[in-house]
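Asker: Quick one: the structure is below, and I'll ask about it shortly.
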Amino acid sequence: MSVPTASKGSVSRIVDLVRVLGAKTLSGIDAIGGMTIFMVRGLFQIFANIRIIPRTIRQIYIIGYQSLFVIMLIGIFTGMVLGLQGYYTLVQFGSTGLLGSAVSLSLIRELGPALTAIMLTGRAGSAMAAEIGVMRITDQIDALDVMDINSIGYLVSPRILAALVAFPLLTAIFDTIGIFGGYLTGVLMLDMNSGVYFYKISHAVTMNDVNGGFVKALVFGLLVSTVCCHQGYFSHLRRDSVGPEAVGNATTSAVVISCVLILAADYVVTSFLL
């Protein structure tokens with residue numbers, strides 16, 4: 001008994017769909033595994049090579065200090081928006097006295113670490129991917145390997161360590177400036193009592209909240225530095241482009257993947273901390 005042609009076509013389409021999904025899944029697992037190994041190698045070189053300290057200090061300057069102005073600018077406007085929105089939401093329930101705790105907890109628990117990481121991804125992470133990508137396509141990384149210099153220890157490890165230092169520090173600055181921005185809106189613009197504002201902050205914020213924000217900043221710093229360095233380091237293996245175009249695509253991929261991972265990791269870490 002012969003199988004109808006329509007049924008054969010349906011089965012063929014299902015098989016093709018399963019094949020494509022399987023290939024995509026295996027490709028994703030391979031990418032995650034490769035990036036994890038890359039991260040472990042970078043972390044290992046931090047402890048294996050004391051000579052990375054001067055390069056780490058330079059990267060802290062690039063990632064941290066040179067990003068300070070934009071972090072402060074975004075922080076104060078974020079705090080002001082939270083203060084404005086929070087005040088007009090709380091006034092409906094007669095609870096404007098809770099504005100200080102609402103602003104501070106929103107910043108310290110969630111917005112501070114996440115927005116800081118996203119801003120640093122756009123400003124410093126893209127630079128990591130582009131710089132390492134250019135070194136790759138101009139054979140500078142191959143030259144390091146020929147000279148028996150560990151290229152991951154020389155290029156990647158200082159950036160990972162610098163991110164682990166800079167991300168929590170900039171998150172703390174973002175939170176502080178953001179709380180001050182909420183003060184500007186709530187107290188100076190909307191005539192809320194300043195004593196009540198800071199009293200609610202002191203009673204609402206605990207060390208668990210602060211520590212949780214720093215844990216998120218460390219996780220985000222590790223993810224962003226690993227992803228951006230990985231995309232630049234292997235830009236020559238991209239299938240969609242070669243040469244300078246590959247560097248541009250690697251930089252774009254680094255920013256997009258980092259931002260997605262920041263939001264996903266934010267949910268995962270929050271679920272463990274609560």
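By convention in this document, the chains of the structure tokens carry letters A, B, ... by their order, each chain's residues are numbered from 1, and ligands are numbered from 1 in the order they are shown.
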Which polymer residues have any atom within 10 Å of an atom of range 20-36 of chain A, counting only C-alpha atoms, with same-chain residues fewer than 5 positions away left out, as a ChimeraX atom specification?
Answerer: /A:14-15,41-42,223,226-227,229-231
Asker: Using only C-alpha atoms, which protein or nucleic acid residues come within 10 Å of Leu68 in chain A? Drop anything in the same chain fewer than 4 positions from it, and give the result as a list in words.
Answerer: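 Skipping anything fewer than 4 positions along the chain leaves Tyr61, Ile62, Ile63, Gly64, Met72, Leu73, Leu120, Ala166, Leu169, Leu170, Ile173 and Phe174 of chain A.
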Asker: Please indicate the distance in Å from CA of Tyr199 in chain A to CA of Tyr88 in chain A, rounded to one decimal place.
Answerer: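 A separation of 19.8 Å between them.
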Asker: Any idea what the distance is between CA of Cys228 in chain A and CA of Ile177 in chain A?
Answerer: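 Between CA of Cys228 in chain A and CA of Ile177 in chain A the gap works out to 27.4 Å.
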Asker: Counting only C-alpha atoms, which of A:Ala265, A:Ile201, A:Val187, A:Ala162 gets nearest to Ser106 in chain A?
Answerer: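 Result for the nearest residue to Ser106 in chain A: A:Ile201.
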Asker: Which of these, A:Met189, A:Ala264, A:Gly122, A:Thr171, has the shortest distance to Thr252 in chain A once you count only C-alpha atoms?
Answerer: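 That would be A:Gly122, the residue with the smallest distance to Thr252 in chain A.
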Asker: For a quick check of understanding, using only C-alpha atoms, which of A:Arg159, A:Arg136, A:Arg123, A:Arg239 has the smallest distance to Ile71 in chain A?
Answerer: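 Under the stated criterion, the closest residue is A:Arg123.
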Asker: Could you pull out the residues in range 96-232 of chain A that DSSP calls alpha helix (DSSP H) from the backbone, as JSON, numbers by chain?
Answerer: {"A": [99, 100, 101, 102, 103, 104, 105, 106, 112, 113, 114, 115, 116, 117, 118, 119, 120, 126, 127, 128, 129, 130, 131, 132, 133, 134, 135, 136, 137, 140, 141, 142, 143, 144, 145, 146, 151, 157, 158, 159, 160, 161, 162, 163, 164, 165, 166, 167, 168, 169, 170, 171, 172, 173, 174, 175, 176, 177, 178, 179, 180, 181, 182, 183, 194, 195, 196, 197, 198, 199, 200, 201, 202, 203, 204, 207, 208, 209, 210, 211, 212, 213, 214, 215, 216, 217, 218, 219, 220, 221, 222, 223, 224, 225, 226, 227, 228, 229, 230, 231, 232]}
Asker: Go ahead and write the residues just picked, C-alpha atoms, as a short mmCIF file (atom, residue, chain, number, x, y, z; two decimals), in the first residue's frame.
Answerer:
```
data_model
loop_
_atom_site.label_atom_id
_atom_site.label_comp_id
_atom_site.auth_asym_id
_atom_site.auth_seq_id
_atom_site.Cartn_x
_atom_site.Cartn_y
_atom_site.Cartn_z
CA LEU A 99 9.31 57.25 48.56
CA GLY A 100 12.81 56.96 49.99
CA SER A 101 12.55 53.23 50.56
CA ALA A 102 10.95 52.67 47.14
CA VAL A 103 13.70 54.56 45.29
CA SER A 104 16.58 53.06 47.25
CA LEU A 105 15.40 49.44 47.11
CA SER A 106 14.59 49.68 43.40
CA GLY A 112 21.57 49.83 39.78
CA PRO A 113 23.41 46.60 38.89
CA ALA A 114 21.44 45.98 35.68
CA LEU A 115 21.61 49.49 34.19
CA THR A 116 25.27 49.87 35.16
CA ALA A 117 26.11 46.59 33.44
CA ILE A 118 24.15 47.48 30.31
CA MET A 119 25.81 50.91 30.07
CA LEU A 120 29.26 49.39 30.58
CA SER A 126 32.09 46.89 22.77
CA ALA A 127 35.60 48.35 22.99
CA MET A 128 36.92 45.04 24.35
CA ALA A 129 35.41 43.07 21.48
CA ALA A 130 36.58 45.53 18.83
CA GLU A 131 40.12 45.87 20.15
CA ILE A 132 40.71 42.14 20.53
CA GLY A 133 38.99 41.51 17.19
CA VAL A 134 41.33 43.91 15.40
CA MET A 135 44.30 42.23 17.04
CA ARG A 136 43.02 38.89 15.78
CA ILE A 137 42.54 39.85 12.14
CA GLN A 140 48.82 40.15 16.60
CA ILE A 141 47.30 37.36 18.72
CA ASP A 142 49.07 34.76 16.56
CA ALA A 143 52.30 36.67 17.11
CA LEU A 144 51.80 36.44 20.89
CA ASP A 145 51.32 32.68 20.62
CA VAL A 146 54.44 32.36 18.45
CA SER A 151 47.31 35.35 24.65
CA SER A 157 42.44 37.88 32.08
CA PRO A 158 43.26 41.56 32.83
CA ARG A 159 39.91 42.60 31.36
CA ILE A 160 37.98 40.00 33.36
CA LEU A 161 39.71 40.99 36.60
CA ALA A 162 39.23 44.69 35.87
CA ALA A 163 35.52 44.11 35.21
CA LEU A 164 35.18 42.24 38.51
CA VAL A 165 36.63 45.28 40.26
CA ALA A 166 34.99 48.08 38.27
CA PHE A 167 31.42 46.78 37.99
CA PRO A 168 30.68 46.69 41.76
CA LEU A 169 32.35 50.07 42.32
CA LEU A 170 30.41 51.75 39.53
CA THR A 171 27.21 50.06 40.73
CA ALA A 172 27.72 51.59 44.17
CA ILE A 173 28.26 55.01 42.60
CA PHE A 174 25.16 54.55 40.42
CA ASP A 175 23.05 53.64 43.47
CA THR A 176 24.31 56.61 45.49
CA ILE A 177 23.78 59.12 42.70
CA GLY A 178 20.37 57.60 41.94
CA ILE A 179 19.24 58.00 45.55
CA PHE A 180 20.39 61.61 45.41
CA GLY A 181 18.39 62.03 42.17
CA GLY A 182 15.31 60.76 43.98
CA TYR A 183 16.03 63.28 46.72
CA SER A 194 13.94 65.33 53.74
CA GLY A 195 14.13 63.68 57.19
CA VAL A 196 11.38 61.24 56.28
CA TYR A 197 13.08 60.46 52.96
CA PHE A 198 16.40 59.44 54.53
CA TYR A 199 14.74 57.83 57.58
CA LYS A 200 12.83 55.44 55.34
CA ILE A 201 16.00 54.63 53.42
CA SER A 202 17.93 53.78 56.60
CA HIS A 203 15.14 51.51 57.86
CA ALA A 204 14.29 49.82 54.55
CA MET A 207 23.06 44.67 54.18
CA ASN A 208 21.42 41.74 52.41
CA ASP A 209 20.08 44.16 49.81
CA VAL A 210 23.49 45.77 49.35
CA ASN A 211 25.29 42.43 49.20
CA GLY A 212 22.76 41.13 46.70
CA GLY A 213 23.40 44.12 44.45
CA PHE A 214 27.14 43.53 44.60
CA VAL A 215 26.70 39.82 43.82
CA LYS A 216 24.74 40.77 40.71
CA ALA A 217 27.41 43.29 39.72
CA LEU A 218 30.11 40.61 40.00
CA VAL A 219 28.08 38.15 37.93
CA PHE A 220 27.36 40.79 35.29
CA GLY A 221 31.00 41.85 35.18
CA LEU A 222 32.13 38.27 34.63
CA LEU A 223 29.51 37.67 31.92
CA VAL A 224 30.13 40.90 30.02
CA SER A 225 33.91 40.65 30.03
CA THR A 226 33.83 36.97 29.02
CA VAL A 227 31.31 37.39 26.20
CA CYS A 228 32.94 40.51 24.75
CA CYS A 229 36.46 39.10 24.88
CA HIS A 230 35.25 35.77 23.45
CA GLN A 231 33.51 37.43 20.51
CA GLY A 232 36.59 39.48 19.67
#
```
Asker: Which is closer to Leu107 in chain A than all the others in A:Phe47, A:Phe272, A:Phe38, A:Phe77, using only C-alpha atoms?
Answerer: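 Smallest distance to Leu107 in chain A is found for A:Phe77.
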Asker: Between CA of Phe69 in chain A and CA of Gly86 in chain A, what is the distance in Å, rounded to a tenth?
Answerer: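 Interatomic distance here is 25.4 Å.
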Asker: Using only C-alpha atoms for the distances, tell me which of A:Leu17, A:Leu155, A:Leu84, A:Ile76 is nearest to Gln45 in chain A.
Answerer: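 Among the listed residues, A:Leu155 lies closest to Gln45 in chain A.
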